[in-house]
Amino acid sequence: MAIAPKTKKLISSKGSNEVTFVIAGLRKGAIPFWHASTCSLNSGNSDKWSLSKLIRVSSMYHVMERDTNHVFSDLLNYGTKRGESFMEVTAIVIAGGLSSRMGQNKALLPLAGIPLIERLVRSLEQIAPRVVIVANDGAPYSYLHKEVVPDVYSLAGPLAGLHAGLAASGTEWNLVTACDMPFINAAVGQRLIDEAERHSSVSNGREKELEAVIPLTSSGVLPLLSMYKRTVLTSLETALQEKELRLVPWTKSLQAAYIPAQLLCEGTGTDEELLSFNMNRPGDYEEASRRYTSWLGEDFERH
């Protein structure tokens with residue numbers, strides 16, 4: 001099982017025109033890895049670079065496989081020496097729909113030979129230490145070896161799925177995705193985490209604390225590709241009990257930061273159109289299959 005990297009924030013000295021990127025963790029199969037690279041900056045006033053920015057300079061990586069104990073000893077020292085705090089999140093995959101328009105379980109449809117939900121879970125576990133799947137029947141997903149939780153409120157749509165996932169979470173912040181969004185990768189998820197961390201620090205001390213970070217596209221918001229604080233459970237409970245089951249109107253009641261999709265996609269290998277693409281009908285799946293191979297390209301690690 002992959003372990004989420006802990007060096008989500010990577011440091012350079014003020015006034016320097018170079019930044020050294022370092023990332024360590026475990027690949028699938030428990031293979032330790034250490035990535036380090038130095039990149040010149042146009043400006044010397046940058047303090048922090050996020051993991052998503054590291055992807056942009058992936059061609060500069062050099063990789064040394066090292067003993068696992070050394071990797072995590074170095075990693076601990078790296079974070080401790082700099083007093084760095086890292087936002088820990090739970091990733092929640094909502095897969096509880098009936099797939100009635102698709103005619104079969106869309107989460108298990110293969111893209112490039114791998115079921116959609118499996119590729120999504122493997123991407124999310126790169127950036128989150130815990131991945132929870134929300135589904136009323138956990139049997140189809142048992143091979144993923146992830147916790148599967150059912151809806152508490154039956155037949156209440158994605159609002160109920162969001163509620164179940166957040167109720168099962170043990171972290172303050174949570175990255176929520178729907179199972180039918182085939183072009184979501186780890187880089188997009190990391191950008192959302194970074195934005196939640198950035199906006200949380202900016203909003204400290206305000207009367208109302210930030211509750212959500214939601215992508216905003218030219219055609220609307222993406223509430224099922226968002227960051228939510230677990231504290232929104234109270235308003236979710238109210239909406240579900242009052243049978244107000246529409247997701248977008250509920251999000252309008254939250255203290256949310258809306259992130260332009262174009263900004264969110266920058267440097268992640270995807271774009272606004274692909275970011276919001278979801279599969280509801282057989283035609284959507286056919287279209288996703290056509291696009292997927294060219295989108296994936298040769299860079300499997302990134303996706």
# chains A, B, ... in the order shown; residues from 1 in each chain; ligands from 1

$ residues_around --residues "Asn136 in chain A" --least-positions-apart "2" --cutoff "8 Å" --atoms "only C-alpha atoms" --output "list in words"
Gly96, Val134, Gly138, Val149, Pro150 and Asp151 of chain A

$ closest_residue --among "A:Ala128, A:Leu120, A:Ala160, A:Leu210" --to "Thr238 in chain A" --atoms "only C-alpha atoms"
A:Ala160

$ atom_distance --atom1 "CA of Ala95 in chain A" --atom2 "CA of Arg130 in chain A"
16.2 Å

$ closest_atom_pairs --of "range 167-264 of chain A" --to "range 275-298 of chain A" --cutoff "7 Å" --atoms "only C-alpha atoms" --output "JSON lines"
{"residue": "A:Asp180", "atom": "CA", "partner": "A:Met279", "partner_atom": "CA", "distance": 5.3}
{"residue": "A:Met181", "atom": "CA", "partner": "A:Asn278", "partner_atom": "CA", "distance": 4.5}
{"residue": "A:Pro182", "atom": "CA", "partner": "A:Asn278", "partner_atom": "CA", "distance": 6.8}
{"residue": "A:Phe183", "atom": "CA", "partner": "A:Leu275", "partner_atom": "CA", "distance": 6.0}
{"residue": "A:Ile184", "atom": "CA", "partner": "A:Leu275", "partner_atom": "CA", "distance": 6.4}

$ write_last_selection --atoms "C-alpha atoms" --output "PDB file, in the first residue's frame"
ATOM      1  CA  ASP A 180     -17.440   8.703 -11.902  1.00  0.00           C
ATOM      2  CA  MET A 181     -14.862  11.440 -12.605  1.00  0.00           C
ATOM      3  CA  PRO A 182     -12.237   9.671 -14.735  1.00  0.00           C
ATOM      4  CA  PHE A 183      -9.759  12.530 -15.165  1.00  0.00           C
ATOM      5  CA  ILE A 184      -9.000  13.259 -11.524  1.00  0.00           C
TER       6      ILE A 184
END

$ select_by_dssp --residues "range 71-294 of chain A" --states "helix (DSSP H, G or I)" --output "JSON, numbers by chain"
{"A": [71, 72, 73, 74, 75, 76, 77, 78, 79, 80, 81, 106, 107, 108, 116, 117, 118, 119, 120, 121, 122, 123, 124, 139, 140, 141, 142, 143, 144, 157, 158, 159, 160, 161, 162, 163, 164, 165, 166, 167, 168, 186, 187, 188, 189, 190, 191, 192, 193, 194, 195, 196, 197, 198, 199, 200, 201, 202, 203, 230, 231, 232, 233, 234, 235, 236, 237, 238, 239, 240, 241, 247, 248, 249, 250, 251, 261, 262, 263, 264, 265, 272, 273, 274, 275, 282, 283, 284, 285, 286, 287, 288, 289, 290, 291, 292, 293, 294]}

$ write_last_selection --atoms "C-alpha atoms" --output "mmCIF file, in the first residue's frame"
data_model
loop_
_atom_site.group_PDB
_atom_site.id
_atom_site.type_symbol
_atom_site.label_atom_id
_atom_site.label_comp_id
_atom_site.auth_asym_id
_atom_site.auth_seq_id
_atom_site.Cartn_x
_atom_site.Cartn_y
_atom_site.Cartn_z
ATOM 1 C CA VAL A 71 13.935 7.539 4.296
ATOM 2 C CA PHE A 72 11.586 8.133 7.189
ATOM 3 C CA SER A 73 14.342 9.196 9.588
ATOM 4 C CA ASP A 74 15.433 11.839 7.083
ATOM 5 C CA LEU A 75 11.809 12.749 6.459
ATOM 6 C CA LEU A 76 11.109 13.244 10.160
ATOM 7 C CA ASN A 77 14.224 15.382 10.565
ATOM 8 C CA TYR A 78 13.321 17.366 7.459
ATOM 9 C CA GLY A 79 9.934 18.362 8.845
ATOM 10 C CA THR A 80 11.095 18.835 12.425
ATOM 11 C CA LYS A 81 14.050 21.078 11.613
ATOM 12 C CA LYS A 106 -19.924 2.647 -13.437
ATOM 13 C CA ALA A 107 -17.272 2.595 -10.705
ATOM 14 C CA LEU A 108 -16.057 -0.762 -12.007
ATOM 15 C CA LEU A 116 -12.248 3.554 -12.636
ATOM 16 C CA ILE A 117 -12.571 3.391 -8.862
ATOM 17 C CA GLU A 118 -9.314 1.482 -8.504
ATOM 18 C CA ARG A 119 -7.375 4.085 -10.446
ATOM 19 C CA LEU A 120 -8.996 6.842 -8.385
ATOM 20 C CA VAL A 121 -8.230 5.106 -5.075
ATOM 21 C CA ARG A 122 -4.600 4.482 -6.069
ATOM 22 C CA SER A 123 -4.239 8.160 -6.953
ATOM 23 C CA LEU A 124 -5.791 9.357 -3.703
ATOM 24 C CA ALA A 139 -18.550 -6.477 -1.834
ATOM 25 C CA PRO A 140 -17.511 -5.176 -5.296
ATOM 26 C CA TYR A 141 -14.778 -3.063 -3.705
ATOM 27 C CA SER A 142 -13.386 -5.548 -1.184
ATOM 28 C CA TYR A 143 -10.379 -6.252 -3.414
ATOM 29 C CA LEU A 144 -9.222 -2.656 -2.883
ATOM 30 C CA GLY A 157 -28.513 10.823 -3.161
ATOM 31 C CA PRO A 158 -24.990 12.276 -3.033
ATOM 32 C CA LEU A 159 -25.800 14.433 -0.006
ATOM 33 C CA ALA A 160 -26.239 11.207 1.982
ATOM 34 C CA GLY A 161 -22.983 9.851 0.565
ATOM 35 C CA LEU A 162 -21.125 12.969 1.641
ATOM 36 C CA HIS A 163 -22.688 12.709 5.095
ATOM 37 C CA ALA A 164 -21.659 9.054 5.485
ATOM 38 C CA GLY A 165 -18.106 9.737 4.403
ATOM 39 C CA LEU A 166 -17.620 12.710 6.702
ATOM 40 C CA ALA A 167 -19.216 10.836 9.615
ATOM 41 C CA ALA A 168 -16.622 8.074 9.148
ATOM 42 C CA ALA A 186 -3.225 12.913 -7.447
ATOM 43 C CA ALA A 187 -1.969 16.307 -8.598
ATOM 44 C CA VAL A 188 -5.505 17.756 -8.691
ATOM 45 C CA GLY A 189 -6.199 16.364 -5.226
ATOM 46 C CA GLN A 190 -2.981 17.861 -3.894
ATOM 47 C CA ARG A 191 -3.843 21.257 -5.358
ATOM 48 C CA LEU A 192 -7.159 21.173 -3.480
ATOM 49 C CA ILE A 193 -5.373 20.266 -0.251
ATOM 50 C CA ASP A 194 -2.902 23.096 -0.801
ATOM 51 C CA GLU A 195 -5.744 25.565 -1.401
ATOM 52 C CA ALA A 196 -7.545 24.451 1.764
ATOM 53 C CA GLU A 197 -4.351 24.915 3.763
ATOM 54 C CA ARG A 198 -3.652 28.303 2.220
ATOM 55 C CA HIS A 199 -7.179 29.658 2.670
ATOM 56 C CA SER A 200 -7.393 28.294 6.219
ATOM 57 C CA SER A 201 -4.291 30.232 7.241
ATOM 58 C CA VAL A 202 -5.607 33.386 5.574
ATOM 59 C CA SER A 203 -9.008 33.092 7.285
ATOM 60 C CA ARG A 230 -16.008 17.666 9.187
ATOM 61 C CA THR A 231 -17.909 20.414 11.011
ATOM 62 C CA VAL A 232 -20.315 20.708 8.051
ATOM 63 C CA LEU A 233 -21.966 17.503 9.327
ATOM 64 C CA THR A 234 -24.389 19.623 11.368
ATOM 65 C CA SER A 235 -25.785 21.423 8.329
ATOM 66 C CA LEU A 236 -25.783 18.155 6.352
ATOM 67 C CA GLU A 237 -27.904 16.523 9.046
ATOM 68 C CA THR A 238 -30.357 19.403 8.921
ATOM 69 C CA ALA A 239 -30.663 19.277 5.129
ATOM 70 C CA LEU A 240 -31.164 15.500 5.110
ATOM 71 C CA GLN A 241 -33.747 15.579 7.883
ATOM 72 C CA LEU A 247 -26.172 19.441 -3.247
ATOM 73 C CA VAL A 248 -25.439 22.865 -4.772
ATOM 74 C CA PRO A 249 -28.020 24.802 -2.696
ATOM 75 C CA TRP A 250 -26.571 23.170 0.421
ATOM 76 C CA THR A 251 -23.033 24.293 -0.452
ATOM 77 C CA ALA A 261 -10.887 25.501 -12.129
ATOM 78 C CA GLN A 262 -8.293 26.976 -14.469
ATOM 79 C CA LEU A 263 -6.089 27.789 -11.483
ATOM 80 C CA LEU A 264 -6.718 24.397 -9.916
ATOM 81 C CA CYS A 265 -5.712 22.592 -13.120
ATOM 82 C CA GLU A 272 -11.218 22.481 -16.876
ATOM 83 C CA GLU A 273 -13.218 20.387 -19.335
ATOM 84 C CA LEU A 274 -11.644 17.120 -18.212
ATOM 85 C CA LEU A 275 -11.801 18.120 -14.556
ATOM 86 C CA PRO A 282 -22.973 4.669 -21.854
ATOM 87 C CA GLY A 283 -22.138 7.481 -24.275
ATOM 88 C CA ASP A 284 -20.151 9.250 -21.556
ATOM 89 C CA TYR A 285 -18.143 6.096 -20.953
ATOM 90 C CA GLU A 286 -17.418 5.726 -24.661
ATOM 91 C CA GLU A 287 -16.255 9.337 -24.801
ATOM 92 C CA ALA A 288 -14.094 8.897 -21.700
ATOM 93 C CA SER A 289 -12.508 5.786 -23.182
ATOM 94 C CA ARG A 290 -11.622 7.680 -26.368
ATOM 95 C CA ARG A 291 -10.049 10.533 -24.452
ATOM 96 C CA TYR A 292 -8.353 8.515 -21.761
ATOM 97 C CA THR A 293 -5.444 7.022 -23.649
ATOM 98 C CA SER A 294 -4.304 10.362 -25.051
#

$ select_by_dssp --residues "range 120-259 of chain A" --states "strand (DSSP E)" --output "PDB file with N, CA and C atoms, in the first residue's frame"
ATOM      1  N   ARG A 130      -5.540   7.952   4.512  1.00  0.00           N
ATOM      2  CA  ARG A 130      -6.724   7.086   4.638  1.00  0.00           C
ATOM      3  C   ARG A 130      -7.708   7.408   3.521  1.00  0.00           C
ATOM      4  N   VAL A 131      -8.179   6.369   2.848  1.00  0.00           N
ATOM      5  CA  VAL A 131      -9.175   6.507   1.782  1.00  0.00           C
ATOM      6  C   VAL A 131     -10.406   5.703   2.184  1.00  0.00           C
ATOM      7  N   VAL A 132     -11.556   6.362   2.213  1.00  0.00           N
ATOM      8  CA  VAL A 132     -12.824   5.724   2.575  1.00  0.00           C
ATOM      9  C   VAL A 132     -13.735   5.721   1.353  1.00  0.00           C
ATOM     10  N   ILE A 133     -14.359   4.583   1.086  1.00  0.00           N
ATOM     11  CA  ILE A 133     -15.321   4.459  -0.009  1.00  0.00           C
ATOM     12  C   ILE A 133     -16.722   4.434   0.586  1.00  0.00           C
ATOM     13  N   VAL A 134     -17.614   5.250   0.052  1.00  0.00           N
ATOM     14  CA  VAL A 134     -19.008   5.250   0.495  1.00  0.00           C
ATOM     15  C   VAL A 134     -19.832   4.453  -0.512  1.00  0.00           C
ATOM     16  N   GLU A 147     -11.661   0.802   3.618  1.00  0.00           N
ATOM     17  CA  GLU A 147     -12.883   0.835   4.412  1.00  0.00           C
ATOM     18  C   GLU A 147     -14.052   1.290   3.544  1.00  0.00           C
ATOM     19  N   VAL A 148     -15.146   0.541   3.611  1.00  0.00           N
ATOM     20  CA  VAL A 148     -16.361   0.899   2.878  1.00  0.00           C
ATOM     21  C   VAL A 148     -17.462   1.166   3.895  1.00  0.00           C
ATOM     22  N   VAL A 149     -18.089   2.348   3.798  1.00  0.00           N
ATOM     23  CA  VAL A 149     -19.155   2.708   4.735  1.00  0.00           C
ATOM     24  C   VAL A 149     -20.448   2.952   3.968  1.00  0.00           C
ATOM     25  N   TRP A 173     -10.127  18.075   7.950  1.00  0.00           N
ATOM     26  CA  TRP A 173     -10.369  18.338   6.538  1.00  0.00           C
ATOM     27  C   TRP A 173     -10.462  17.037   5.751  1.00  0.00           C
ATOM     28  N   ASN A 174     -11.289  17.067   4.699  1.00  0.00           N
ATOM     29  CA  ASN A 174     -11.561  15.868   3.911  1.00  0.00           C
ATOM     30  C   ASN A 174     -11.643  16.207   2.433  1.00  0.00           C
ATOM     31  N   LEU A 175     -10.981  15.393   1.633  1.00  0.00           N
ATOM     32  CA  LEU A 175     -11.015  15.536   0.182  1.00  0.00           C
ATOM     33  C   LEU A 175     -12.074  14.587  -0.354  1.00  0.00           C
ATOM     34  N   VAL A 176     -13.112  15.142  -0.962  1.00  0.00           N
ATOM     35  CA  VAL A 176     -14.246  14.346  -1.438  1.00  0.00           C
ATOM     36  C   VAL A 176     -14.255  14.295  -2.958  1.00  0.00           C
ATOM     37  N   THR A 177     -14.409  13.096  -3.511  1.00  0.00           N
ATOM     38  CA  THR A 177     -14.539  12.938  -4.958  1.00  0.00           C
ATOM     39  C   THR A 177     -15.653  11.944  -5.259  1.00  0.00           C
ATOM     40  N   ALA A 178     -16.249  12.090  -6.437  1.00  0.00           N
ATOM     41  CA  ALA A 178     -17.215  11.112  -6.925  1.00  0.00           C
ATOM     42  C   ALA A 178     -16.473  10.045  -7.715  1.00  0.00           C
ATOM     43  N   ALA A 212     -15.259  24.969   3.522  1.00  0.00           N
ATOM     44  CA  ALA A 212     -15.148  24.195   2.288  1.00  0.00           C
ATOM     45  C   ALA A 212     -14.282  24.929   1.270  1.00  0.00           C
ATOM     46  N   VAL A 213     -13.665  24.160   0.396  1.00  0.00           N
ATOM     47  CA  VAL A 213     -12.949  24.693  -0.762  1.00  0.00           C
ATOM     48  C   VAL A 213     -13.525  23.984  -1.979  1.00  0.00           C
ATOM     49  N   ILE A 214     -14.124  24.764  -2.888  1.00  0.00           N
ATOM     50  CA  ILE A 214     -14.917  24.199  -3.977  1.00  0.00           C
ATOM     51  C   ILE A 214     -14.440  24.741  -5.319  1.00  0.00           C
ATOM     52  N   PRO A 215     -14.145  23.869  -6.288  1.00  0.00           N
ATOM     53  CA  PRO A 215     -13.762  24.344  -7.623  1.00  0.00           C
ATOM     54  C   PRO A 215     -14.928  25.030  -8.325  1.00  0.00           C
ATOM     55  N   LEU A 216     -14.605  26.071  -9.059  1.00  0.00           N
ATOM     56  CA  LEU A 216     -15.609  26.822  -9.814  1.00  0.00           C
ATOM     57  C   LEU A 216     -15.230  26.797 -11.295  1.00  0.00           C
ATOM     58  N   THR A 217     -16.105  26.217 -12.121  1.00  0.00           N
ATOM     59  CA  THR A 217     -15.872  26.154 -13.557  1.00  0.00           C
ATOM     60  C   THR A 217     -16.760  27.185 -14.256  1.00  0.00           C
ATOM     61  N   GLY A 220     -20.329  26.158 -13.594  1.00  0.00           N
ATOM     62  CA  GLY A 220     -20.829  25.988 -12.228  1.00  0.00           C
ATOM     63  C   GLY A 220     -19.789  25.398 -11.300  1.00  0.00           C
ATOM     64  N   VAL A 221     -20.238  24.993 -10.120  1.00  0.00           N
ATOM     65  CA  VAL A 221     -19.337  24.465  -9.100  1.00  0.00           C
ATOM     66  C   VAL A 221     -19.231  22.947  -9.198  1.00  0.00           C
ATOM     67  N   LEU A 225     -16.108  17.315  -5.989  1.00  0.00           N
ATOM     68  CA  LEU A 225     -14.650  17.327  -6.089  1.00  0.00           C
ATOM     69  C   LEU A 225     -14.193  18.514  -5.256  1.00  0.00           C
ATOM     70  N   SER A 226     -14.259  18.360  -3.949  1.00  0.00           N
ATOM     71  CA  SER A 226     -14.073  19.507  -3.058  1.00  0.00           C
ATOM     72  C   SER A 226     -13.450  19.070  -1.747  1.00  0.00           C
ATOM     73  N   MET A 227     -13.013  20.074  -0.985  1.00  0.00           N
ATOM     74  CA  MET A 227     -12.525  19.872   0.372  1.00  0.00           C
ATOM     75  C   MET A 227     -13.597  20.348   1.351  1.00  0.00           C
ATOM     76  N   TYR A 228     -13.904  19.510   2.351  1.00  0.00           N
ATOM     77  CA  TYR A 228     -14.896  19.875   3.359  1.00  0.00           C
ATOM     78  C   TYR A 228     -14.345  19.638   4.755  1.00  0.00           C
ATOM     79  N   LYS A 229     -14.652  20.565   5.643  1.00  0.00           N
ATOM     80  CA  LYS A 229     -14.382  20.337   7.055  1.00  0.00           C
ATOM     81  C   LYS A 229     -15.453  19.401   7.617  1.00  0.00           C
ATOM     82  N   ALA A 256     -17.403  29.116   2.197  1.00  0.00           N
ATOM     83  CA  ALA A 256     -16.570  28.394   1.239  1.00  0.00           C
ATOM     84  C   ALA A 256     -15.647  29.327   0.467  1.00  0.00           C
ATOM     85  N   ALA A 257     -14.505  28.786   0.079  1.00  0.00           N
ATOM     86  CA  ALA A 257     -13.605  29.463  -0.858  1.00  0.00           C
ATOM     87  C   ALA A 257     -13.801  28.794  -2.212  1.00  0.00           C
ATOM     88  N   TYR A 258     -14.073  29.589  -3.241  1.00  0.00           N
ATOM     89  CA  TYR A 258     -14.298  29.051  -4.581  1.00  0.00           C
ATOM     90  C   TYR A 258     -13.037  29.271  -5.415  1.00  0.00           C
ATOM     91  N   ILE A 259     -12.483  28.166  -5.890  1.00  0.00           N
ATOM     92  CA  ILE A 259     -11.214  28.201  -6.611  1.00  0.00           C
ATOM     93  C   ILE A 259     -11.473  28.041  -8.104  1.00  0.00           C
TER      94      ILE A 259
END

$ atom_distance --atom1 "CA of Gln126 in chain A" --atom2 "CA of His145 in chain A"
15.2 Å
